[in-house]
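Student: One file: target-v2.cif (mmCIF, C-alpha atoms).
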```cif
data_protein
#
loop_
_atom_site.label_atom_id
_atom_site.label_comp_id
_atom_site.auth_asym_id
_atom_site.auth_seq_id
_atom_site.Cartn_x
_atom_site.Cartn_y
_atom_site.Cartn_z
CA MET A 3 -17.16 14.31 4.25
CA THR A 4 -15.10 12.23 1.84
CA LYS A 5 -15.88 8.52 2.02
CA LYS A 6 -13.05 6.17 2.91
CA THR A 7 -12.10 3.11 0.88
CA TYR A 8 -11.85 -0.29 2.55
CA ILE A 9 -10.54 -3.59 1.23
CA ASN A 10 -13.24 -6.06 2.23
CA GLY A 11 -12.43 -9.08 0.09
CA VAL A 12 -9.39 -10.48 -1.71
CA GLY A 13 -8.78 -13.19 -4.32
CA CYS A 14 -5.49 -14.16 -5.87
CA ILE A 15 -4.45 -16.66 -8.56
CA SER A 16 -0.71 -16.63 -9.02
CA THR A 17 2.41 -18.67 -9.60
CA GLN A 18 2.01 -19.86 -6.01
CA LYS A 19 -0.91 -21.72 -4.49
CA THR A 20 -2.70 -18.62 -3.23
CA PHE A 21 -6.18 -20.17 -3.20
CA ASP A 22 -7.44 -22.76 -0.68
CA THR A 23 -4.56 -21.73 1.60
CA VAL A 24 -4.24 -19.42 4.60
CA PHE A 25 -1.30 -17.23 3.59
CA LEU A 26 1.68 -18.42 1.56
CA GLU A 27 2.29 -21.44 3.80
CA GLU A 28 2.67 -23.57 0.66
CA ALA A 29 4.78 -21.02 -1.22
CA ASN A 30 8.18 -21.96 -2.57
CA VAL A 31 10.82 -20.12 -4.55
CA ASN A 32 11.61 -21.57 -7.97
CA HIS A 33 15.27 -20.83 -8.79
CA ASP A 34 15.26 -23.04 -11.90
CA GLU A 35 12.90 -21.11 -14.18
CA ASN A 36 13.12 -17.61 -15.68
CA VAL A 37 9.39 -17.67 -16.49
CA LEU A 38 7.05 -18.90 -13.77
CA ALA A 39 3.71 -20.48 -14.67
CA ILE A 40 0.40 -20.09 -12.90
CA VAL A 41 -0.75 -22.64 -10.31
CA PRO A 42 -4.21 -23.26 -11.77
CA PRO A 43 -7.30 -23.55 -9.60
CA SER A 44 -10.13 -25.93 -10.54
CA TYR A 45 -11.72 -23.71 -13.18
CA LYS A 46 -14.73 -26.03 -13.46
CA ASP A 47 -15.76 -25.06 -9.94
CA TYR A 48 -16.28 -21.48 -11.12
CA ILE A 49 -16.97 -21.54 -14.87
CA THR A 50 -19.13 -23.96 -16.86
CA PRO A 51 -17.26 -25.93 -19.56
CA ALA A 52 -19.49 -24.31 -22.20
CA ALA A 53 -18.43 -20.83 -21.07
CA SER A 54 -14.78 -21.63 -20.44
CA ARG A 55 -14.01 -23.28 -23.78
CA ARG A 56 -13.36 -19.94 -25.47
CA MET A 57 -11.52 -18.37 -22.55
CA ALA A 58 -7.76 -18.00 -22.36
CA LYS A 59 -6.12 -18.60 -19.00
CA GLY A 60 -5.97 -14.87 -18.12
CA VAL A 61 -9.73 -14.57 -18.47
CA LYS A 62 -10.31 -17.71 -16.41
CA ASN A 63 -7.87 -16.57 -13.71
CA GLY A 64 -9.55 -13.16 -13.56
CA ILE A 65 -12.98 -14.74 -13.20
CA VAL A 66 -11.82 -17.11 -10.44
CA ALA A 67 -9.91 -14.36 -8.56
CA SER A 68 -12.92 -12.04 -8.71
CA ALA A 69 -15.23 -14.83 -7.52
CA LEU A 70 -12.89 -15.55 -4.60
CA ALA A 71 -12.79 -11.84 -3.67
CA MET A 72 -16.56 -11.52 -3.75
CA LYS A 73 -17.04 -14.67 -1.70
CA ASP A 74 -14.43 -13.39 0.77
CA ALA A 75 -16.25 -10.05 1.04
CA ASN A 76 -19.56 -11.85 1.34
CA VAL A 77 -21.13 -9.79 -1.44
CA GLU A 78 -23.16 -11.05 -4.38
CA SER A 79 -23.01 -7.96 -6.56
CA VAL A 80 -20.89 -4.85 -7.00
CA ASP A 81 -21.60 -1.43 -8.48
CA ALA A 82 -18.57 -1.34 -10.76
CA ILE A 83 -15.76 -3.46 -12.18
CA ILE A 84 -12.36 -1.86 -12.82
CA THR A 85 -9.50 -3.88 -14.25
CA GLY A 86 -5.84 -3.16 -14.82
CA THR A 87 -3.79 -5.13 -17.35
CA GLY A 88 -0.50 -4.53 -19.09
CA LEU A 89 -0.83 -6.85 -22.05
CA GLY A 90 -4.44 -7.97 -21.83
CA CYS A 91 -5.34 -11.29 -23.38
CA ILE A 92 -2.00 -11.71 -25.08
CA GLU A 93 -2.43 -15.45 -25.75
CA ASP A 94 -5.43 -14.92 -28.01
CA SER A 95 -3.87 -11.80 -29.51
CA GLU A 96 -0.93 -13.98 -30.55
CA LYS A 97 -3.27 -16.67 -31.91
CA PHE A 98 -5.20 -14.14 -33.97
CA LEU A 99 -2.11 -12.43 -35.38
CA LYS A 100 -0.48 -15.80 -36.18
CA SER A 101 -3.66 -16.87 -37.93
CA ILE A 102 -3.53 -13.70 -40.08
CA LEU A 103 0.03 -14.48 -41.13
CA ASP A 104 -0.39 -18.26 -41.57
CA ASN A 105 -3.51 -17.88 -43.69
CA ASN A 106 -2.39 -14.91 -45.75
CA GLU A 107 -5.04 -12.65 -44.19
CA GLU A 108 -7.86 -15.09 -45.09
CA PHE A 109 -9.95 -17.53 -43.07
CA LEU A 110 -9.94 -15.43 -39.90
CA THR A 111 -11.99 -17.04 -37.18
CA PRO A 112 -13.92 -14.93 -34.68
CA THR A 113 -13.11 -16.62 -31.37
CA SER A 114 -9.53 -15.49 -30.77
CA PHE A 115 -10.36 -12.01 -32.09
CA ILE A 116 -13.26 -11.64 -29.66
CA GLN A 117 -11.08 -12.84 -26.78
CA SER A 118 -8.01 -10.81 -27.70
CA THR A 119 -9.13 -7.38 -26.51
CA HIS A 120 -7.75 -5.94 -23.29
CA ASN A 121 -11.16 -5.52 -21.69
CA THR A 122 -12.18 -9.17 -22.18
CA VAL A 123 -11.54 -10.00 -18.51
CA GLY A 124 -13.67 -7.16 -17.13
CA ALA A 125 -16.37 -7.90 -19.70
CA GLN A 126 -16.54 -11.62 -18.92
CA ILE A 127 -16.70 -10.96 -15.16
CA ALA A 128 -19.55 -8.52 -15.76
CA LEU A 129 -21.38 -11.00 -18.01
CA LEU A 130 -21.13 -13.78 -15.45
CA GLN A 131 -22.30 -11.51 -12.62
CA GLN A 132 -24.84 -9.67 -14.74
CA CYS A 133 -23.18 -6.44 -13.59
CA LYS A 134 -24.40 -3.64 -15.84
CA GLY A 135 -22.59 -0.88 -13.93
CA TYR A 136 -19.42 1.06 -14.69
CA ASN A 137 -16.84 -1.21 -16.33
CA PHE A 138 -13.42 0.11 -17.23
CA THR A 139 -10.04 -1.40 -18.09
CA TYR A 140 -6.77 0.48 -17.64
CA VAL A 141 -3.82 -0.45 -19.86
CA ASN A 142 -0.98 1.64 -18.49
CA GLY A 143 2.04 -0.68 -18.40
CA ALA A 144 3.36 -1.33 -14.89
CA VAL A 145 0.89 1.13 -13.31
CA SER A 146 -2.21 -0.45 -14.85
CA PHE A 147 -3.39 -1.86 -11.52
CA GLU A 148 -2.65 1.40 -9.67
CA SER A 149 -4.61 3.34 -12.32
CA ALA A 150 -7.57 1.03 -11.63
CA LEU A 151 -7.11 1.59 -7.88
CA ILE A 152 -7.09 5.38 -8.26
CA ASP A 153 -10.27 5.26 -10.33
CA ALA A 154 -11.96 2.96 -7.77
CA LYS A 155 -10.91 5.18 -4.87
CA MET A 156 -12.25 8.27 -6.61
CA GLN A 157 -15.54 6.55 -7.46
CA ILE A 158 -16.02 5.68 -3.78
CA GLU A 159 -14.89 9.11 -2.54
CA GLU A 160 -17.27 10.86 -4.92
CA ASP A 161 -20.12 8.56 -3.89
CA GLU A 162 -20.45 7.18 -7.42
CA ALA A 163 -20.27 3.60 -6.12
CA ASN A 164 -20.51 1.80 -2.79
CA SER A 165 -18.71 -1.39 -3.77
CA ILE A 166 -16.24 -1.98 -6.56
CA LEU A 167 -14.44 -5.03 -7.86
CA VAL A 168 -10.94 -3.93 -8.80
CA GLY A 169 -8.07 -6.09 -9.97
CA GLY A 170 -4.94 -6.65 -11.97
CA VAL A 171 -4.48 -9.48 -14.45
CA ASP A 172 -1.83 -10.54 -16.94
CA GLU A 173 -0.97 -13.78 -18.69
CA ASN A 174 2.12 -15.03 -20.50
CA GLY A 175 2.01 -15.69 -24.24
CA ASP A 176 4.71 -17.88 -25.80
CA TYR A 177 5.66 -15.49 -28.60
CA THR A 178 5.66 -12.38 -26.41
CA THR A 179 7.76 -14.23 -23.84
CA SER A 180 10.29 -15.12 -26.55
CA LEU A 181 10.43 -11.44 -27.60
CA PHE A 182 10.97 -10.37 -23.97
CA LYS A 183 13.88 -12.79 -23.79
CA LEU A 184 15.34 -11.31 -26.98
CA ASN A 185 15.13 -7.71 -25.73
CA GLY A 186 16.46 -8.61 -22.28
CA ARG A 187 13.28 -7.90 -20.32
CA ILE A 188 13.34 -11.55 -19.17
CA LYS A 189 16.55 -13.16 -17.92
CA ALA A 190 18.47 -15.31 -20.42
CA ASP A 191 17.62 -19.02 -20.74
CA ASN A 192 19.91 -21.72 -19.32
CA ASN A 193 21.35 -19.40 -16.70
CA ALA A 194 19.91 -20.92 -13.51
CA PRO A 195 19.88 -20.51 -10.59
CA TYR A 196 17.74 -17.41 -11.03
CA ASP A 197 17.90 -15.09 -8.02
CA VAL A 198 15.56 -12.15 -7.52
CA LEU A 199 17.04 -10.49 -4.44
CA ASN A 200 20.79 -10.79 -5.02
CA SER A 201 20.93 -10.88 -8.78
CA THR A 202 23.98 -9.74 -10.73
CA THR A 203 22.41 -10.14 -14.18
CA SER A 204 20.01 -8.12 -16.32
CA GLY A 205 16.39 -9.00 -16.96
CA ALA A 206 13.65 -10.16 -14.63
CA VAL A 207 12.20 -13.48 -13.59
CA TYR A 208 8.79 -13.34 -15.23
CA GLY A 209 5.37 -14.53 -14.09
CA GLU A 210 1.64 -14.10 -14.51
CA GLY A 211 -1.43 -13.86 -12.32
CA ALA A 212 -4.75 -12.31 -11.41
CA SER A 213 -5.60 -10.55 -8.15
CA PHE A 214 -8.99 -9.00 -7.48
CA PHE A 215 -10.32 -7.04 -4.51
CA VAL A 216 -13.70 -5.85 -3.30
CA LEU A 217 -13.38 -2.21 -2.25
CA GLU A 218 -16.25 -0.72 -0.29
CA ASN A 219 -17.10 2.55 1.40
CA GLU A 220 -17.66 1.05 4.84
CA ARG A 221 -15.55 -0.83 7.35
CA LYS A 222 -16.89 -4.27 8.11
CA GLU A 223 -15.99 -7.14 10.39
CA ASN A 224 -14.04 -8.79 7.59
CA THR A 225 -12.20 -5.63 6.47
CA TYR A 226 -8.54 -6.21 5.63
CA ALA A 227 -7.34 -2.62 5.48
CA GLU A 228 -8.10 0.92 4.42
CA LEU A 229 -6.68 2.11 1.12
CA LEU A 230 -5.22 5.45 2.17
CA ASP A 231 -3.65 6.68 -1.04
CA VAL A 232 -2.15 5.75 -4.40
CA SER A 233 0.32 7.79 -6.41
CA ILE A 234 1.88 7.26 -9.84
CA VAL A 235 5.04 8.91 -11.16
CA ASN A 236 6.18 8.14 -14.70
CA THR A 237 9.91 8.81 -14.37
CA LEU A 238 12.22 9.08 -11.40
CA GLU A 239 15.99 8.86 -11.07
CA GLU A 240 17.38 6.49 -8.44
CA ASN A 241 18.29 9.38 -6.18
CA GLU A 242 14.82 10.94 -6.40
CA VAL A 243 12.83 8.00 -4.99
CA GLU A 244 13.34 8.78 -1.31
CA ALA A 245 12.19 12.38 -1.74
CA ALA A 246 9.18 11.20 -3.73
CA ILE A 247 8.22 8.81 -0.91
CA GLN A 248 8.67 11.50 1.73
CA SER A 249 6.50 13.88 -0.25
CA PHE A 250 3.83 11.16 -0.70
CA LEU A 251 3.87 10.37 3.03
CA LYS A 252 3.81 14.05 4.00
CA TYR A 253 0.70 14.52 1.84
CA ASN A 254 -0.89 11.80 4.01
CA ASN A 255 0.41 13.36 7.25
CA LEU A 256 2.87 10.52 7.76
CA GLU A 257 6.61 10.12 8.13
CA ILE A 258 8.92 7.24 7.31
CA SER A 259 8.92 6.24 10.99
CA ASP A 260 5.14 5.70 10.74
CA ILE A 261 5.59 2.96 8.15
CA ASP A 262 5.48 -0.49 9.77
CA ALA A 263 6.54 -2.36 6.65
CA ILE A 264 7.51 -1.54 3.07
CA VAL A 265 6.90 -3.93 0.17
CA LEU A 266 9.42 -3.51 -2.65
CA GLY A 267 9.26 -4.81 -6.21
CA PHE A 268 12.71 -6.44 -6.54
CA ASP A 269 12.41 -8.47 -9.76
CA GLY A 270 15.94 -9.77 -10.28
CA ASN A 271 16.98 -7.10 -12.79
CA ALA A 272 20.35 -5.92 -11.46
CA ASP A 273 20.26 -2.87 -13.76
CA PHE A 274 17.41 -1.24 -11.82
CA GLU A 275 17.57 -2.79 -8.38
CA ASN A 276 19.21 0.30 -6.81
CA TYR A 277 15.81 1.97 -6.92
CA TYR A 278 14.94 -0.47 -4.13
CA ARG A 279 18.39 -1.24 -2.69
CA ASN A 280 19.03 2.41 -1.76
CA LEU A 281 15.86 2.44 0.34
CA THR A 282 16.84 -0.73 2.19
CA LYS A 283 20.24 0.74 3.06
CA ASN A 284 19.13 4.26 3.95
CA SER A 285 15.71 5.59 4.88
CA PHE A 286 14.04 2.21 5.50
CA ALA A 287 16.97 0.39 7.14
CA GLN A 288 15.04 0.23 10.41
CA THR A 289 11.75 -0.82 8.79
CA PRO A 290 10.60 -4.38 8.02
CA ILE A 291 11.23 -4.80 4.29
CA LEU A 292 9.34 -7.31 2.15
CA TYR A 293 9.60 -8.53 -1.44
CA TYR A 294 7.32 -10.73 -3.54
CA LYS A 295 8.40 -11.13 -7.15
CA HIS A 296 10.47 -14.22 -6.27
CA LEU A 297 7.00 -15.70 -5.60
CA SER A 298 4.86 -14.02 -8.25
CA GLY A 299 7.38 -13.23 -10.97
CA GLU A 300 7.48 -9.86 -12.74
CA TYR A 301 4.60 -8.72 -14.94
CA ASP A 302 2.82 -5.44 -15.47
CA THR A 303 0.25 -6.04 -12.75
CA ALA A 304 2.49 -7.97 -10.32
CA SER A 305 1.97 -5.11 -7.85
CA ALA A 306 -1.59 -6.43 -7.39
CA PHE A 307 0.04 -9.50 -5.82
CA ALA A 308 1.86 -7.13 -3.42
CA PHE A 309 -1.45 -5.43 -2.67
CA TRP A 310 -2.93 -8.86 -1.86
CA MET A 311 0.08 -9.70 0.33
CA ALA A 312 -0.05 -6.40 2.25
CA SER A 313 -3.81 -6.74 2.79
CA LYS A 314 -3.28 -10.21 4.26
CA ILE A 315 -0.47 -8.99 6.54
CA LEU A 316 -2.60 -6.17 7.92
CA LYS A 317 -5.41 -8.59 8.67
CA ILE A 318 -3.34 -11.51 10.01
CA GLN A 319 -0.64 -9.31 11.60
CA GLU A 320 2.09 -11.69 10.52
CA ILE A 321 4.75 -11.47 7.83
CA PRO A 322 5.61 -14.80 6.15
CA GLU A 323 9.32 -15.62 6.48
CA ILE A 324 9.52 -16.23 2.72
CA ALA A 325 8.69 -12.55 2.03
CA LYS A 326 11.23 -10.95 4.37
CA VAL A 327 14.22 -9.02 3.04
CA ASN A 328 15.59 -8.07 6.46
CA THR A 329 15.08 -9.25 10.03
CA VAL A 330 13.50 -6.07 11.43
CA GLU A 331 10.15 -6.77 13.08
CA LYS A 332 7.34 -4.70 14.57
CA SER A 333 5.00 -5.69 17.35
CA GLU A 334 2.08 -4.42 15.30
CA TYR A 335 1.60 -3.73 11.59
CA LYS A 336 -0.66 -0.72 11.13
CA THR A 337 0.60 1.02 8.00
CA ILE A 338 2.22 -0.58 4.95
CA LEU A 339 3.76 1.20 1.97
CA LEU A 340 4.07 -0.49 -1.43
CA TYR A 341 6.64 0.79 -3.92
CA ASN A 342 7.02 -0.63 -7.41
CA GLN A 343 8.66 0.40 -10.69
CA LEU A 344 9.59 -1.32 -13.92
CA ASN A 345 12.95 -0.64 -15.50
CA GLY A 346 13.15 2.85 -13.99
CA LYS A 347 9.69 3.88 -15.27
CA ASN A 348 6.11 3.67 -14.01
CA HIS A 349 6.74 4.22 -10.31
CA SER A 350 3.83 3.65 -7.96
CA PHE A 351 3.34 4.28 -4.25
CA THR A 352 0.38 2.70 -2.46
CA LEU A 353 -0.47 3.20 1.19
CA LEU A 354 -2.56 0.78 3.23
CA SER A 355 -3.61 1.14 6.84
CA LYS A 356 -5.10 -1.34 9.30
CA MET B 24 -17.29 -41.07 -46.07
CA GLU B 25 -16.69 -42.65 -42.65
CA ALA B 26 -13.16 -41.24 -42.62
CA LEU B 27 -14.50 -37.77 -43.48
CA LYS B 28 -17.01 -37.94 -40.62
CA GLU B 29 -14.26 -38.91 -38.19
CA GLU B 30 -12.10 -36.08 -39.54
CA LEU B 31 -14.93 -33.57 -39.09
CA LYS B 32 -15.58 -34.67 -35.52
CA ASN B 33 -11.91 -34.22 -34.69
CA LYS B 34 -11.78 -30.80 -36.35
CA ILE B 35 -14.90 -29.61 -34.51
CA ILE B 36 -13.57 -30.79 -31.13
CA THR B 37 -10.19 -29.14 -31.68
CA THR B 38 -11.34 -25.91 -33.32
CA LEU B 39 -14.19 -25.27 -30.92
CA ASN B 40 -12.23 -26.39 -27.82
CA LEU B 41 -14.81 -28.95 -26.78
CA GLU B 42 -12.55 -30.19 -24.00
CA ASP B 43 -14.98 -32.61 -22.38
CA ILE B 44 -16.18 -34.24 -25.59
CA ALA B 45 -14.59 -37.20 -27.42
CA VAL B 46 -15.15 -38.34 -31.00
CA GLU B 47 -17.22 -41.27 -29.70
CA ASP B 48 -19.59 -38.86 -27.94
CA ILE B 49 -20.77 -37.34 -31.23
CA ALA B 50 -23.23 -39.50 -33.16
CA ASP B 51 -23.42 -38.92 -36.92
CA ASN B 52 -27.01 -37.70 -36.71
CA ASP B 53 -26.78 -35.68 -33.47
CA PRO B 54 -27.86 -32.06 -33.98
CA LEU B 55 -24.79 -29.81 -33.84
CA PHE B 56 -26.79 -26.83 -32.55
CA GLY B 57 -29.46 -26.57 -29.88
CA ASP B 58 -30.11 -29.75 -27.93
CA GLY B 59 -27.28 -31.76 -29.47
CA LEU B 60 -23.73 -30.46 -29.16
CA GLY B 61 -25.10 -27.07 -28.13
CA LEU B 62 -23.05 -25.01 -30.57
CA ASP B 63 -23.86 -21.31 -31.03
CA SER B 64 -23.61 -18.60 -33.68
CA ILE B 65 -19.88 -17.99 -33.12
CA ASP B 66 -19.30 -21.71 -33.67
CA ALA B 67 -21.28 -21.45 -36.92
CA LEU B 68 -18.75 -18.88 -38.15
CA GLU B 69 -15.93 -21.25 -37.20
CA LEU B 70 -17.60 -24.06 -39.19
CA ILE B 71 -17.94 -21.80 -42.25
CA VAL B 72 -14.19 -21.09 -42.03
CA ILE B 73 -13.46 -24.85 -41.82
CA LEU B 74 -15.46 -25.45 -45.02
CA ASP B 75 -13.62 -22.67 -46.82
CA LYS B 76 -10.11 -23.27 -45.54
CA ASP B 77 -9.96 -27.08 -45.50
CA TYR B 78 -12.36 -28.08 -48.28
CA GLY B 79 -12.42 -25.07 -50.60
CA ILE B 80 -16.18 -24.50 -50.21
CA LYS B 81 -17.45 -20.93 -49.99
CA LEU B 82 -20.96 -20.60 -48.64
CA VAL B 83 -22.59 -17.81 -50.63
CA ASP B 84 -26.11 -18.20 -49.27
CA PRO B 85 -26.16 -18.09 -45.44
CA LYS B 86 -29.57 -19.84 -45.47
CA GLU B 87 -27.81 -22.95 -46.79
CA GLY B 88 -25.90 -23.21 -43.54
CA LYS B 89 -28.87 -24.31 -41.49
CA ALA B 90 -29.30 -27.49 -43.55
CA ILE B 91 -25.59 -28.16 -44.04
CA PHE B 92 -24.65 -27.82 -40.37
CA GLN B 93 -27.57 -29.87 -39.08
CA SER B 94 -25.35 -32.83 -38.18
CA ILE B 95 -22.03 -34.50 -38.97
CA GLU B 96 -23.94 -36.64 -41.52
CA THR B 97 -25.27 -33.60 -43.43
CA MET B 98 -21.94 -31.77 -43.25
CA ALA B 99 -20.02 -34.78 -44.59
CA ALA B 100 -22.53 -35.29 -47.42
CA TYR B 101 -22.31 -31.63 -48.46
CA ILE B 102 -18.52 -31.59 -48.33
CA SER B 103 -18.25 -34.82 -50.37
CA ALA B 104 -20.46 -33.36 -53.07
CA ASN B 105 -18.91 -29.88 -53.23
CA ARG B 106 -15.29 -30.01 -52.10
CA THR B 107 -12.63 -28.49 -54.34
CA LYS B 108 -9.68 -29.64 -52.24
#
```
Render the structure in this file as structure tokens.

Tutor:
Amino acid sequence: MTKKTYINGVGCISTQKTFDTVFLEEANVNHDENVLAIVPPSYKDYITPAASRRMAKGVKNGIVASALAMKDANVESVDAIITGTGLGCIEDSEKFLKSILDNNEEFLTPTSFIQSTHNTVGAQIALLQQCKGYNFTYVNGAVSFESALIDAKMQIEEDEANSILVGGVDENGDYTTSLFKLNGRIKADNNAPYDVLNSTTSGAVYGEGASFFVLENERKENTYAELLDVSIVNTLEENEVEAAIQSFLKYNNLEISDIDAIVLGFDGNADFENYYRNLTKNSFAQTPILYYKHLSGEYDTASAFAFWMASKILKIQEIPEIAKVNTVEKSEYKTILLYNQLNGKNHSFTLLSK
Amino acid sequence: MEALKEELKNKIITTLNLEDIAVEDIADNDPLFGDGLGLDSIDALELIVILDKDYGIKLVDPKEGKAIFQSIETMAAYISANRTK
């Protein structure tokens, strides 16, 4: 019999205070900035100064988020570490490339090169935990986290691992952010207030963060939810999304009426918001609808923040007001669907159950 | 010489991201590696780049490094005697 996958621990470092809090009670929406910055935890509580001095913020956030997830799951070791990241350690990549240019390809120092690879986060977590098991990093744009989830689910189903640390992490780099503003991926400067849900302008409100989860093959007292299924579709037209969702649900013997809440990835980009807007008006009009990128900002692994949010909702059985798109409520939240896409590409559907 | 030592301490703190250490915390004769500042082999590579980039000194014999990078005192003395810029 195929083993099931349970979310038994969560940890989230984001542009909100998502540590040392219950659930978004201290969250606030920043309408003044088009790029949101991380709310940093006390890194010294988790990483020694000697170890942290070479780490960029993405690495530190990944380490803290993974430590929080493991503490939450009450586990001291895992069998595997699987990470998703869109841009990896972009800060140190920028430093290294700038150093090449500034110094005419001479005097290259090792630190930023060592820290600039995409798998630095997964590697550093493994080093700190002395985890010598399977360690893999997926770099698949806006489905990087979902790729990691699929791998983790398969590892558990195939009995390759009993417990897996899986997460999504991305950080902002100054130069990359400036390029994203130039190509319109981020909303233009000096155009506040920035609105994510009712935007009329192009580009997204950007952010950064790290969310990690302990997935295990058994339900425990502290289980948040069961990960039922994950699906990735590279390209869909606006009018194909509903059919894709129905097909995904049918594969899991579910219908739209079985979904107690849907979490959508509205990111403020008016050019692509109909992918979500159509669902709110049609097939999911009678379903509680949630959004999160006004809190987390957009980035390749922002959907890991949604995964964290949905896990919390299924455990606490309460939807924070700040995350609601509509006023529809349910007496019980048993099944939650996450749908995300970035600029019409990299669509992902993730299904969680209580 | 005193100015060079101060300069080296500042460069080491900045380049190696020694966030919790101030110039005053580093004595001229403190060992840079091991029990002193606790630098490691990656830091040694960073120090070699500092010598090359900022003072025009190329270390051809890696064995020399052990004596040169013993302390701020030994580094400053070597730089004073061999710098080309």

Student: Would you kindly translate the PyMOL selection byres ((chain B and resi 39) around 12) into the concrete residues it picks from this file, as a PDB file with C-alpha atoms, keeping the file's coordinate frame?

Tutor:
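Dumped to result_33.pdb:
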```pdb
ATOM      1  CA  PRO A  51     -17.260 -25.930 -19.560  1.00  0.00           C
ATOM      2  CA  ALA A  52     -19.490 -24.310 -22.200  1.00  0.00           C
ATOM      3  CA  ALA A  53     -18.430 -20.830 -21.070  1.00  0.00           C
ATOM      4  CA  SER A  54     -14.780 -21.630 -20.440  1.00  0.00           C
ATOM      5  CA  ARG A  55     -14.010 -23.280 -23.780  1.00  0.00           C
ATOM      6  CA  ARG A  56     -13.360 -19.940 -25.470  1.00  0.00           C
ATOM      7  CA  MET A  57     -11.520 -18.370 -22.550  1.00  0.00           C
ATOM      8  CA  THR A 111     -11.990 -17.040 -37.180  1.00  0.00           C
ATOM      9  CA  PRO A 112     -13.920 -14.930 -34.680  1.00  0.00           C
ATOM     10  CA  THR A 113     -13.110 -16.620 -31.370  1.00  0.00           C
ATOM     11  CA  SER A 114      -9.530 -15.490 -30.770  1.00  0.00           C
TER      12      SER A 114
ATOM     13  CA  LEU B  31     -14.930 -33.570 -39.090  1.00  0.00           C
ATOM     14  CA  LYS B  32     -15.580 -34.670 -35.520  1.00  0.00           C
ATOM     15  CA  ASN B  33     -11.910 -34.220 -34.690  1.00  0.00           C
ATOM     16  CA  LYS B  34     -11.780 -30.800 -36.350  1.00  0.00           C
ATOM     17  CA  ILE B  35     -14.900 -29.610 -34.510  1.00  0.00           C
ATOM     18  CA  ILE B  36     -13.570 -30.790 -31.130  1.00  0.00           C
ATOM     19  CA  THR B  37     -10.190 -29.140 -31.680  1.00  0.00           C
ATOM     20  CA  THR B  38     -11.340 -25.910 -33.320  1.00  0.00           C
ATOM     21  CA  ASN B  40     -12.230 -26.390 -27.820  1.00  0.00           C
ATOM     22  CA  LEU B  41     -14.810 -28.950 -26.780  1.00  0.00           C
ATOM     23  CA  GLU B  42     -12.550 -30.190 -24.000  1.00  0.00           C
ATOM     24  CA  ASP B  43     -14.980 -32.610 -22.380  1.00  0.00           C
ATOM     25  CA  ILE B  44     -16.180 -34.240 -25.590  1.00  0.00           C
ATOM     26  CA  LEU B  55     -24.790 -29.810 -33.840  1.00  0.00           C
ATOM     27  CA  LEU B  60     -23.730 -30.460 -29.160  1.00  0.00           C
ATOM     28  CA  GLY B  61     -25.100 -27.070 -28.130  1.00  0.00           C
ATOM     29  CA  LEU B  62     -23.050 -25.010 -30.570  1.00  0.00           C
ATOM     30  CA  ASP B  63     -23.860 -21.310 -31.030  1.00  0.00           C
ATOM     31  CA  SER B  64     -23.610 -18.600 -33.680  1.00  0.00           C
ATOM     32  CA  ILE B  65     -19.880 -17.990 -33.120  1.00  0.00           C
ATOM     33  CA  ASP B  66     -19.300 -21.710 -33.670  1.00  0.00           C
ATOM     34  CA  ALA B  67     -21.280 -21.450 -36.920  1.00  0.00           C
ATOM     35  CA  LEU B  68     -18.750 -18.880 -38.150  1.00  0.00           C
ATOM     36  CA  GLU B  69     -15.930 -21.250 -37.200  1.00  0.00           C
ATOM     37  CA  LEU B  70     -17.600 -24.060 -39.190  1.00  0.00           C
ATOM     38  CA  VAL B  72     -14.190 -21.090 -42.030  1.00  0.00           C
ATOM     39  CA  ILE B  73     -13.460 -24.850 -41.820  1.00  0.00           C
TER      40      ILE B  73
END
```

Student: Tell me which protein, DNA and RNA residues are within 12 Å of Ile83 of chain A, counting all atoms listed in the file, leaving out same-chain ones fewer than 5 positions away, and put them as a ChimeraX atom specification.

Tutor: /A:64-65,68,72,121,123-129,131-140,150-151,153-154,157,163-170,214-217

Student: Once you count all atoms listed in the file, which residues end up no further than 12 Å from (-23.4, -40.2, -33.2) in the file's frame, shown as a VMD selection string?

Tutor: chain B and resid 25 28 to 29 32 45 to 55 59 to 60 94 to 96

Student: For atom CA of Lys317 of chain A and atom CA of Tyr335 of chain A, determine how far apart the two atoms are, in Å to one decimal place.

Tutor: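 Result for atom CA of Lys317 of chain A versus atom CA of Tyr335 of chain A: 9.0 Å, one decimal.
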
Student: Using atom CA of Met156 of chain A and atom CA of Ala82 of chain A as the two end points, give the distance in Å to one decimal.

Tutor: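 Result for atom CA of Met156 of chain A versus atom CA of Ala82 of chain A: 12.2 Å, one decimal.
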
Student: Return as a PyMOL selection string the set of residues that the PyMOL selection byres ((chain A and resi 221) around 12) yields on the displayed structure.

Tutor: chain A and resi 5-11+75+164-165+216-220+222-229+356

Student: When distances are computed from only C-alpha atoms, which of A:Asn106, A:Ala69, A:Ser204, A:Val12 shows the smallest separation from chain B?

Tutor: A:Asn106

Student: Enumerate, as a list of chain:residue names, the protein, DNA and RNA residues whose atoms approach (1.4, -10.2, 12.4) to within 10 Å, taking into account only C-alpha atoms and the coordinate frame of the file.

Tutor: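 Those within range, by chain then number, are A:Lys314, A:Ile315, A:Leu316, A:Lys317, A:Ile318, A:Gln319, A:Glu320, A:Ile321, A:Pro322, A:Glu331, A:Lys332, A:Ser333, A:Glu334, A:Tyr335, A:Lys336.
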
Student: As an exercise, work out the distance from atom CA of Phe21 of chain A to atom CA of Val41 of chain A in Å and give it to one decimal place.

Tutor: 9.3 Å
